[in-house]
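The block underneath contains the structure these notes are about, expressed in C-alpha cells.
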Amino acid sequence: MPEESESWTVAIPRPVDRRLHLGPFPSARDALKFAGFAAAGLVAMPLAGPVAIVPFAALGFVVAVHRRDGRSLDERVTGYLGWRWRRRTRRPGGRGAGRPTRAGARTMRVVGARVAAVVRTGGVPVQYLPPADARALFELARRWLAALDGPLYLVARAESVDPGPFRPVAPPASGPAESLARAGYSDVVQLLLRRRRVRRVALVLWEPADPAGAARLEVRLAATLEALRTFGVAADRLTGSDLRSELDRLDLRPPGSA
C-alpha cells in the first residue's frame, strides 16, 4: 500500500481558447495595428526627420498592447462612437425620432382608485462610457431618485431585437437569383440578432384619481421626462392602446376594466 504521505500530481491542460500572442502583442491583428502606426511615422519622416517615427510608434504600441476589461483602446473608442451614433439615429422603442406618438388616452385608472401614466425608455450601456461620464451619469440618477416627490414603479426587462428594421425594404424580387439573395440576407439578419437583446424600461407614475391628483401627475411626468433627457436617453409617453397594453402586462389595471 502506498504511504499516506504520497502525493499525486495532475497536469492541467493548456486552455484551448486562449488567444495566441505574437511577441509582445496579444494577437497578429494587434501587431498589424502597431505596424500601421509605424508606417504613418515613416511617411512623416521626410518632413520632421527620423524623430517623427517615435510618437507614432509609441502611440501604436499603446493601442496594440494596452487592454482594459479585455478590450483595446481603439475598440473602446469605436464602441463608444457607435453607441453615440445609435443614440442620435434611433429611439429606444424602435421608432423613428420624428414619428409622432399615437393619439389616445394619456392616463388610465389603475387599482386603488388611482390614475397612472407610463413612460417607456431604454438603458444606457455604461460599459462604453469613460469613467468620468459613467460617474456623472450615476450622480444624475442618484439626485433624480432623491428628488422624487411621489410614487414611482420602475420595471426593466430585456427583449429580443426585432429584425424587421434591418431587413431590406424593396419591391418584390424580379427573378430566382434575387429572391434567393434576399432570403439569404434575411437569414443572416435573423442569425445575427438571435441572441441580441435590447433593454426596455417602463416608468409608472400614479396619483389619486381626482382633479388635483391628475394635475400633480402631469407635473411629475414632465419632470421625469426632463430628467431622462439629461441622462441622454430618449423617452416616450405611452398613450391609447400602448398605455393599456403596458398596464395590463404589469397587471395594474382593475379586473374587468375595458
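The way I read the labels, and the way they are meant: chains A, B, ... in the order of the C-alpha cells, residue 1 as the first residue of every chain, and ligand 1 as the first ligand shown, with later ones counted on from there.
For segment 171-216 of chain A, the set of residues given strand (DSSP E) by DSSP on the backbone reads Arg197, Val198, Arg199, Arg200, Val201, Ala202, Leu203, Val204, Leu205, Trp206, Glu207 and Pro208 of chain A.
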Within 9 Å of segment 250-252 of chain A, counting only C-alpha atoms, which residues show up once you throw out same-chain ones fewer than 5 positions away? Write them as a compact mmCIF listing (two decimals) with N, CA and C atoms, in the first residue's frame, please.
# COMPACT_ATOMS: atom_id res chain seq x y z
N ARG A 109 -57.09 54.65 -15.33
CA ARG A 109 -57.33 54.23 -13.96
C ARG A 109 -56.59 52.93 -13.68
N VAL A 110 -56.02 52.82 -12.49
CA VAL A 110 -55.36 51.60 -12.05
C VAL A 110 -55.96 51.21 -10.70
N VAL A 111 -55.52 50.09 -10.16
CA VAL A 111 -56.07 49.61 -8.90
C VAL A 111 -55.83 50.63 -7.79
N VAL A 155 -39.79 49.23 -13.96
CA VAL A 155 -39.67 47.84 -14.40
C VAL A 155 -38.71 47.80 -15.59
N SER A 245 -51.94 48.34 -22.99
CA SER A 245 -51.20 47.08 -23.06
C SER A 245 -50.11 47.00 -21.99
Worksheet entry | All residues 8 Å or closer to segment 164-169 of chain A, only C-alpha atoms, same chain fewer than 2 positions away omitted, as a ChimeraX atom specification | /A:162,171,182,185-186,189
For the residues in the current selection, export N, CA, C and O atoms as a tab-separated table (two decimals), in the first residue's frame.
chain	number	residue	atom	x	y	z
A	162	ASP	N	-36.10	43.21	-32.77
A	162	ASP	CA	-36.97	42.99	-33.93
A	162	ASP	C	-36.13	43.06	-35.21
A	162	ASP	O	-35.52	44.10	-35.50
A	171	PRO	N	-38.96	46.50	-53.67
A	171	PRO	CA	-40.05	45.84	-54.39
A	171	PRO	C	-39.82	44.33	-54.45
A	171	PRO	O	-38.71	43.85	-54.19
A	182	ARG	N	-32.22	37.72	-51.37
A	182	ARG	CA	-32.97	38.39	-50.31
A	182	ARG	C	-33.27	37.43	-49.16
A	182	ARG	O	-33.18	37.81	-47.98
A	185	TYR	N	-30.08	36.97	-47.19
A	185	TYR	CA	-29.79	38.15	-46.36
A	185	TYR	C	-30.67	38.16	-45.12
A	185	TYR	O	-30.21	38.45	-44.01
A	186	SER	N	-31.97	37.84	-45.29
A	186	SER	CA	-32.88	37.80	-44.14
A	186	SER	C	-32.45	36.74	-43.14
A	186	SER	O	-32.54	36.95	-41.92
A	189	VAL	N	-29.52	38.15	-41.13
A	189	VAL	CA	-30.00	39.11	-40.13
A	189	VAL	C	-30.62	38.38	-38.94
A	189	VAL	O	-30.36	38.71	-37.78
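Nearest residue to Glu207 of chain A, choosing from A:Leu81, A:Ala113, A:Ala141, A:Ala38 and counting only C-alpha atoms: A:Ala113.
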Fill in: Close residues, Gly104 of chain A itself excluded, 9 Å, only C-alpha atoms, min 2 positions apart in chain, as a list in words
Arg102, Arg106, Thr239, Gly240, Ser241 and Leu243 of chain A
Could you write those residues out with N, CA and C atoms, as a JSON list (two decimals), in the first residue's frame?
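In the end it all went to result.json:
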[["chain", "number", "residue", "atom", "x", "y", "z"],
["A", 102, "ARG", "N", -48.91, 57.86, -31.09],
["A", 102, "ARG", "CA", -50.32, 57.63, -31.35],
["A", 102, "ARG", "C", -51.20, 58.47, -30.41],
["A", 106, "ARG", "N", -54.13, 59.57, -22.33],
["A", 106, "ARG", "CA", -52.79, 59.81, -21.80],
["A", 106, "ARG", "C", -52.63, 59.27, -20.38],
["A", 239, "THR", "N", -49.55, 56.21, -24.77],
["A", 239, "THR", "CA", -50.94, 56.66, -24.82],
["A", 239, "THR", "C", -51.78, 55.59, -25.49],
["A", 240, "GLY", "N", -53.06, 55.70, -25.31],
["A", 240, "GLY", "CA", -54.00, 54.83, -26.01],
["A", 240, "GLY", "C", -53.78, 53.35, -25.76],
["A", 241, "SER", "N", -53.78, 52.58, -26.86],
["A", 241, "SER", "CA", -53.63, 51.12, -26.75],
["A", 241, "SER", "C", -52.28, 50.72, -26.20],
["A", 243, "LEU", "N", -50.56, 52.34, -23.89],
["A", 243, "LEU", "CA", -50.67, 52.52, -22.45],
["A", 243, "LEU", "C", -51.47, 51.40, -21.82]]
